[in-house]
Structure formats: C-alpha cells, structure tokens
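One file, model-v1.cif, is given below (mmCIF, C-alpha atoms).
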```cif
data_protein
loop_
_atom_site.group_PDB
_atom_site.id
_atom_site.type_symbol
_atom_site.label_atom_id
_atom_site.label_comp_id
_atom_site.auth_asym_id
_atom_site.auth_seq_id
_atom_site.Cartn_x
_atom_site.Cartn_y
_atom_site.Cartn_z
ATOM 1 C CA MET T 647 -8.340 -23.539 -15.029
ATOM 2 C CA LYS T 648 -5.324 -21.870 -16.571
ATOM 3 C CA HIS T 649 -1.937 -22.002 -14.871
ATOM 4 C CA LEU T 650 0.202 -18.878 -15.282
ATOM 5 C CA LYS T 651 3.849 -18.329 -14.439
ATOM 6 C CA THR T 652 5.712 -15.069 -14.012
ATOM 7 C CA PRO T 653 7.000 -13.101 -15.755
ATOM 8 C CA LEU T 654 3.721 -12.717 -17.605
ATOM 9 C CA GLY T 655 3.520 -11.960 -21.294
ATOM 10 C CA ASP T 656 0.820 -11.761 -23.930
ATOM 11 C CA GLU T 657 -1.066 -14.705 -22.372
ATOM 12 C CA VAL T 658 -2.780 -12.170 -20.106
ATOM 13 C CA LEU T 659 -4.402 -10.597 -23.158
ATOM 14 C CA ILE T 660 -6.660 -13.624 -23.704
ATOM 15 C CA LEU T 661 -7.866 -13.879 -20.094
ATOM 16 C CA LYS T 662 -11.458 -12.887 -19.402
ATOM 17 C CA ALA T 663 -13.003 -11.419 -16.266
ATOM 18 C CA GLY T 664 -14.454 -14.258 -14.211
ATOM 19 C CA GLU T 665 -11.838 -16.853 -15.156
ATOM 20 C CA MET T 666 -10.112 -18.756 -12.391
ATOM 21 C CA VAL T 667 -6.339 -19.157 -12.701
ATOM 22 C CA THR T 668 -3.388 -20.236 -10.615
ATOM 23 C CA LEU T 669 -0.220 -18.193 -10.522
ATOM 24 C CA SER T 670 3.326 -19.363 -9.825
ATOM 25 C CA GLY T 671 6.629 -17.534 -9.899
ATOM 26 C CA THR T 672 7.948 -14.298 -8.469
ATOM 27 C CA VAL T 673 5.640 -11.505 -7.312
ATOM 28 C CA TYR T 674 6.415 -8.265 -5.483
ATOM 29 C CA THR T 675 4.330 -6.803 -2.687
ATOM 30 C CA ALA T 676 3.642 -3.093 -2.881
ATOM 31 C CA ARG T 677 1.359 -0.802 -0.931
ATOM 32 C CA ASP T 678 1.068 3.003 -0.908
ATOM 33 C CA GLU T 679 4.542 3.860 0.386
ATOM 34 C CA ALA T 680 6.253 1.337 -1.873
ATOM 35 C CA HIS T 681 4.459 2.766 -4.916
ATOM 36 C CA LEU T 682 5.637 6.263 -3.993
ATOM 37 C CA LYS T 683 9.219 5.062 -3.403
ATOM 38 C CA ILE T 684 9.287 3.234 -6.742
ATOM 39 C CA MET T 685 7.839 6.294 -8.477
ATOM 40 C CA GLU T 686 10.619 8.404 -6.968
ATOM 41 C CA ASP T 687 13.602 6.014 -7.234
ATOM 42 C CA GLY T 688 12.640 3.612 -10.012
ATOM 43 C CA PHE T 689 11.986 -0.103 -9.873
ATOM 44 C CA PRO T 690 14.378 -2.200 -7.781
ATOM 45 C CA PHE T 691 13.391 -5.228 -9.920
ATOM 46 C CA ASP T 692 12.699 -5.877 -13.603
ATOM 47 C CA SER T 693 9.175 -4.577 -14.172
ATOM 48 C CA LYS T 694 8.668 -6.235 -17.572
ATOM 49 C CA GLY T 695 6.002 -8.891 -17.101
ATOM 50 C CA ALA T 696 6.085 -8.515 -13.318
ATOM 51 C CA VAL T 697 3.158 -8.945 -10.955
ATOM 52 C CA ILE T 698 2.462 -6.596 -8.038
ATOM 53 C CA TYR T 699 0.615 -7.934 -4.991
ATOM 54 C CA HIS T 700 -1.195 -5.305 -2.921
ATOM 55 C CA CYS T 701 -0.225 -6.821 0.390
ATOM 56 C CA GLY T 702 1.563 -6.058 3.651
ATOM 57 C CA PRO T 703 2.601 -9.541 4.776
ATOM 58 C CA VAL T 704 3.546 -10.552 8.291
ATOM 59 C CA ILE T 705 7.097 -11.899 8.246
ATOM 60 C CA SER T 706 8.678 -13.778 11.154
ATOM 61 C CA GLU T 707 11.996 -15.613 11.266
ATOM 62 C CA ASN T 708 12.479 -15.178 7.515
ATOM 63 C CA ARG T 709 9.159 -16.780 6.587
ATOM 64 C CA ILE T 710 5.749 -15.517 5.556
ATOM 65 C CA VAL T 711 3.234 -16.019 8.365
ATOM 66 C CA VAL T 712 0.199 -14.448 6.659
ATOM 67 C CA ALA T 713 -0.127 -12.514 3.424
ATOM 68 C CA GLY T 714 -3.671 -11.432 2.671
ATOM 69 C CA PRO T 715 -4.463 -8.732 0.126
ATOM 70 C CA THR T 716 -5.047 -5.116 1.039
ATOM 71 C CA THR T 717 -7.639 -2.849 -0.570
ATOM 72 C CA SER T 718 -6.401 -2.049 -4.050
ATOM 73 C CA ALA T 719 -8.443 1.118 -4.580
ATOM 74 C CA ARG T 720 -5.942 2.960 -2.390
ATOM 75 C CA MET T 721 -3.428 2.549 -5.224
ATOM 76 C CA ASN T 722 -5.717 3.776 -8.042
ATOM 77 C CA ARG T 723 -3.799 6.990 -8.689
ATOM 78 C CA LEU T 724 -0.439 5.193 -8.354
ATOM 79 C CA THR T 725 -1.062 2.430 -10.895
ATOM 80 C CA GLY T 726 -0.602 4.040 -14.313
ATOM 81 C CA PHE T 727 3.173 4.463 -14.082
ATOM 82 C CA MET T 728 3.532 0.802 -13.093
ATOM 83 C CA LEU T 729 1.571 -0.379 -16.110
ATOM 84 C CA ASP T 730 3.586 1.978 -18.316
ATOM 85 C CA ALA T 731 6.747 0.236 -17.016
ATOM 86 C CA GLY T 732 5.511 -3.200 -18.118
ATOM 87 C CA ILE T 733 3.716 -4.581 -15.063
ATOM 88 C CA ARG T 734 1.357 -7.271 -16.455
ATOM 89 C CA GLY T 735 -0.588 -8.241 -13.345
ATOM 90 C CA ILE T 736 -1.875 -6.800 -10.097
ATOM 91 C CA ILE T 737 -3.264 -8.894 -7.245
ATOM 92 C CA GLY T 738 -5.475 -7.361 -4.594
ATOM 93 C CA LYS T 739 -8.971 -7.143 -3.184
ATOM 94 C CA GLY T 740 -11.960 -4.931 -3.756
ATOM 95 C CA GLY T 741 -11.253 -3.907 -7.341
ATOM 96 C CA MET T 742 -9.906 -0.688 -8.770
ATOM 97 C CA SER T 743 -11.302 2.391 -10.496
ATOM 98 C CA ALA T 744 -12.723 2.736 -14.000
ATOM 99 C CA GLU T 745 -9.588 4.743 -14.812
ATOM 100 C CA VAL T 746 -7.385 1.755 -13.905
ATOM 101 C CA ARG T 747 -9.719 -0.537 -15.876
ATOM 102 C CA ASP T 748 -9.021 1.659 -18.914
ATOM 103 C CA GLN T 749 -5.270 1.656 -18.195
ATOM 104 C CA LEU T 750 -5.276 -2.171 -18.138
ATOM 105 C CA ARG T 751 -6.688 -2.363 -21.682
ATOM 106 C CA GLY T 752 -4.421 -4.244 -24.037
ATOM 107 C CA ARG T 753 -1.653 -4.781 -21.498
ATOM 108 C CA ALA T 754 -2.474 -6.186 -18.064
ATOM 109 C CA VAL T 755 -5.017 -7.777 -15.719
ATOM 110 C CA TYR T 756 -6.182 -7.336 -12.149
ATOM 111 C CA PHE T 757 -6.471 -10.563 -10.161
ATOM 112 C CA ALA T 758 -8.689 -10.761 -7.098
ATOM 113 C CA PHE T 759 -7.679 -12.798 -4.072
ATOM 114 C CA THR T 760 -10.220 -13.238 -1.315
ATOM 115 C CA GLY T 761 -9.710 -11.128 1.783
ATOM 116 C CA GLY T 762 -9.647 -13.175 4.972
ATOM 117 C CA CYS T 763 -7.639 -15.964 3.354
ATOM 118 C CA ALA T 764 -4.198 -14.762 4.448
ATOM 119 C CA ASN T 765 -3.209 -18.208 5.731
ATOM 120 C CA LEU T 766 -4.106 -19.850 2.419
ATOM 121 C CA ALA T 767 -1.967 -17.292 0.596
ATOM 122 C CA ALA T 768 0.995 -17.823 2.928
ATOM 123 C CA ALA T 769 0.780 -21.586 2.430
ATOM 124 C CA ARG T 770 1.427 -21.000 -1.293
ATOM 125 C CA MET T 771 4.380 -18.631 -0.740
ATOM 126 C CA LYS T 772 8.075 -18.658 0.012
ATOM 127 C CA LEU T 773 10.020 -15.539 0.963
ATOM 128 C CA ALA T 774 12.770 -14.730 -1.545
ATOM 129 C CA GLY T 775 13.979 -11.250 -0.540
ATOM 130 C CA VAL T 776 13.089 -7.683 0.292
ATOM 131 C CA PHE T 777 13.569 -4.180 -1.105
ATOM 132 C CA TYR T 778 13.123 -1.029 0.965
ATOM 133 C CA PRO T 779 13.072 -2.697 4.399
ATOM 134 C CA GLU T 780 13.407 0.790 5.885
ATOM 135 C CA LEU T 781 9.727 1.350 4.988
ATOM 136 C CA GLY T 782 8.722 -1.210 7.627
ATOM 137 C CA MET T 783 7.204 -4.651 7.379
ATOM 138 C CA ALA T 784 3.858 -3.671 5.845
ATOM 139 C CA GLU T 785 5.246 -1.181 3.314
ATOM 140 C CA ALA T 786 8.490 -2.881 2.216
ATOM 141 C CA VAL T 787 8.595 -4.571 -1.187
ATOM 142 C CA TRP T 788 8.787 -8.284 -0.413
ATOM 143 C CA VAL T 789 9.933 -10.685 -3.108
ATOM 144 C CA ILE T 790 7.742 -13.768 -2.946
ATOM 145 C CA GLU T 791 7.793 -17.043 -4.839
ATOM 146 C CA LEU T 792 4.262 -18.328 -5.458
ATOM 147 C CA ASP T 793 3.257 -21.931 -5.944
ATOM 148 C CA LYS T 794 -0.119 -22.097 -7.702
ATOM 149 C CA LEU T 795 -1.915 -19.323 -5.842
ATOM 150 C CA PRO T 796 -5.616 -19.493 -6.855
ATOM 151 C CA LEU T 797 -6.900 -16.204 -8.256
ATOM 152 C CA THR T 798 -9.873 -14.790 -10.137
ATOM 153 C CA VAL T 799 -9.412 -12.523 -13.128
ATOM 154 C CA ALA T 800 -11.486 -9.586 -11.886
ATOM 155 C CA MET T 801 -10.504 -6.959 -14.483
ATOM 156 C CA ASP T 802 -9.253 -8.115 -17.853
ATOM 157 C CA ALA T 803 -7.303 -6.462 -20.661
ATOM 158 C CA HIS T 804 -10.525 -5.937 -22.665
ATOM 159 C CA GLY T 805 -12.423 -3.750 -20.191
ATOM 160 C CA GLY T 806 -14.185 -6.645 -18.462
ATOM 161 C CA ASP T 807 -14.729 -5.845 -14.778
ATOM 162 C CA LEU T 808 -16.473 -8.195 -12.319
ATOM 163 C CA PHE T 809 -16.770 -5.437 -9.735
ATOM 164 C CA ALA T 810 -18.581 -3.133 -12.193
ATOM 165 C CA VAL T 811 -20.972 -5.948 -13.149
ATOM 166 C CA VAL T 812 -21.829 -6.584 -9.492
ATOM 167 C CA GLU T 813 -22.307 -2.857 -8.888
ATOM 168 C CA GLU T 814 -24.627 -2.528 -11.897
ATOM 169 C CA HIS T 815 -26.647 -5.524 -10.740
ATOM 170 C CA ALA T 816 -26.922 -4.133 -7.210
ATOM 171 C CA HIS T 817 -28.153 -0.781 -8.559
ATOM 172 C CA ALA T 818 -30.793 -2.545 -10.668
ATOM 173 C CA VAL T 819 -31.973 -4.617 -7.689
ATOM 174 C CA PHE T 820 -32.242 -1.577 -5.429
ATOM 175 C CA LYS T 821 -34.005 0.411 -8.133
ATOM 176 C CA ASP T 822 -36.574 -2.395 -8.523
ATOM 177 C CA MET T 823 -37.027 -2.603 -4.736
ATOM 178 C CA TYR T 824 -37.558 1.166 -4.517
ATOM 179 C CA SER T 825 -40.076 1.127 -7.385
ATOM 180 C CA THR T 826 -41.987 -1.770 -5.818
ATOM 181 C CA GLN T 827 -42.174 -0.002 -2.430
ATOM 182 C CA LYS T 828 -43.211 3.286 -4.046
ATOM 183 C CA ASN T 829 -45.993 1.553 -5.980
ATOM 184 C CA ARG T 830 -47.365 -0.056 -2.802
ATOM 185 C CA ARG T 831 -47.984 3.328 -1.183
#
```

Let me see the structure of the file written as structure tokens.
Amino acid sequence: MKHLKTPLGDEVLILKAGEMVTLSGTVYTARDEAHLKIMEDGFPFDSKGAVIYHCGPVISENRIVVAGPTTSARMNRLTGFMLDAGIRGIIGKGGMSAEVRDQLRGRAVYFAFTGGCANLAAARMKLAGVFYPELGMAEAVWVIELDKLPLTVAMDAHGGDLFAVVEEHAHAVFKDMYSTQKNRR
C-alpha cells in the first residue's frame, strides 16, 4: 500500500485504479455551494497539489464528529476548473462522469472512500480551519489534517475507472440473464 502526503505531485500519475493508498496532510472539503463560491471568488487556499474532499462534515466544539463522503457526481460539471487550477486529488463516493475521467487524464486522481464510514474518517482527521463559514456547516470549506486515511484509487490519471468496469460487468451479467430467460421461453 502506498502512503501519500499532500500537497500531491507527479506521484499521482503512476497510481492505477484499484490500488489502495493512505493519505495524510491537508485536504479541503467542498460541496456544490463551495465549488460555486470558489468559481466566483477564486481559491481561498493554494490549489497546486491540493486535494478536495466531497464532504459536509459535522463539527462540534471545534472538532470533527463525523465526516463521510457525499455523492461526487453532483460536482461533475464543477470539477474541470478545479483540475485546471492544479487540484491533484478528489475524494468522494459513487464515482464521477466519463467527462471528469477524461479531465483527470495526465493530472489527477479520484479516490473513493466508503460511504457509511463517517466515524472512521473522523478518527483520522483533525480540524485545522474553515473558509466560507457563512455557507453553513455542510457547505463551508473545512481545512482538515488527515492521518493515513485509507482510500481506493477509483479513477486514475490514465483513464482507469473502477466504476465503469463494474457498470460494464453488470451490463454483461444482465444481458446474459436476459438471453438465458428469452431462450427458455
């Protein structure tokens, strides 16, 4: 298992879809509203080599209570400008579009973190700050220090995409099931 530390550089270019990694260092949460605010006002942090975590954590008494991933596909149309600004990694759940897969080529990766494991994530995190608190807890950009968060490379910088592989396999299975049923009639 590879251990990565932010800010990320060219080491992401050798990662392959399906690899397990751990990630340490600073990450920034960002959901829909944060993406729009950053698009409008610019990055409040250095985007070069940064990692975005699609997450709306629960914060209480200046600590992270839970911090599970949110569905990344909601940010499909808002991802290109972030990659253009030097973002090297995105963490989320559920995968992203073929368009984002193409935008990742040669520059960044998408890491999957399992939904439902918000407590595990929080146990590997320390709150370090916040940008745009006026957006509310879920939409603010939280600055988080990670300590070896386990992740899966789900979309790599070469076009590899675990979600597309699973989808293709599922289509083949259902096609075979349909053909078998049709032939029995």

Distance table requested - range 651-742 of chain T against range 759-777 of chain T, cut-off 10 Å, all atoms listed in the file: one row per qualifying residue with the closest atom pair and its distance in Å to one decimal, ordered by chain and rising residue number, as a tab-separated table.
```
residue	atom	partner	partner_atom	distance
T:Leu669	CA	T:Arg770	CA	9.8
T:Ser670	CA	T:Arg770	CA	8.9
T:Gly671	CA	T:Met771	CA	9.5
T:Thr672	CA	T:Ala774	CA	8.4
T:Val673	CA	T:Ala774	CA	9.7
T:Tyr674	CA	T:Val776	CA	8.8
T:Thr675	CA	T:Val776	CA	9.3
T:Ala680	CA	T:Phe777	CA	9.2
T:Phe689	CA	T:Phe777	CA	9.8
T:Pro690	CA	T:Phe777	CA	7.0
T:Phe691	CA	T:Phe777	CA	8.9
T:Tyr699	CA	T:Phe759	CA	9.7
T:His700	CA	T:Phe759	CA	10.0
T:Cys701	CA	T:Ala764	CA	9.8
T:Pro703	CA	T:Ala764	CA	8.6
T:Val704	CA	T:Ala768	CA	9.4
T:Ile705	CA	T:Leu773	CA	8.7
T:Asn708	CA	T:Leu773	CA	7.0
T:Arg709	CA	T:Leu773	CA	5.8
T:Ile710	CA	T:Ala768	CA	5.9
T:Val711	CA	T:Ala768	CA	6.2
T:Val712	CA	T:Ala764	CA	4.9
T:Ala713	CA	T:Ala764	CA	4.8
T:Gly714	CA	T:Ala764	CA	3.8
T:Pro715	CA	T:Gly761	CA	6.0
T:Thr716	CA	T:Gly761	CA	7.6
T:Thr717	CA	T:Gly761	CA	8.9
T:Ile737	CA	T:Phe759	CA	6.7
T:Gly738	CA	T:Phe759	CA	5.9
T:Lys739	CA	T:Phe759	CA	5.9
T:Gly740	CA	T:Gly761	CA	8.6
```

For CA of Arg723 in chain T and CA of Thr668 in chain T, the interatomic separation in Å (one decimal): 27.3 Å

Closest of T:Ala784, T:Ala663, T:Ala754, T:Ile684 to Ala800 in chain T - atom-to-atom distances counting all atoms listed in the file: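 The shortest atom-to-atom distance to Ala800 in chain T comes from T:Ala663.
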
Among the residues T:Glu745, T:Arg753, T:Glu791, T:Pro653, the one that comes closest to Asp692 in chain T [using all atoms listed in the file]: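 So, comparing all the options, the nearest one is T:Pro653.
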
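Closest to Arg747 in chain T among T:Gly806, T:Gly655, T:Gly782, T:Gly735 is T:Gly806, based on all atoms listed in the file.
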
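Nearest residue to Glu665 in chain T among T:Ala810, T:Met742, T:Ala696, T:Met801 is T:Met801, counting only C-alpha atoms.
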
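CA of Thr652 in chain T is found 10.9 Å from CA of Asp793 in chain T.
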
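Counting only C-alpha atoms and comparing T:Met685, T:Met783, T:Val811, T:Ala803, the residue that lies closest to Gly752 in chain T is T:Ala803.
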
Can you sort out the box for range 739-748 of chain T, edges along x, y and z, all listed atoms in, 6 Å on every side, with centre and edge lengths in Å to one decimal, as JSON?
```
{"center_x": -10.1, "center_y": -1.2, "center_z": -11.0, "size_x": 17.3, "size_y": 23.9, "size_z": 27.7}
```
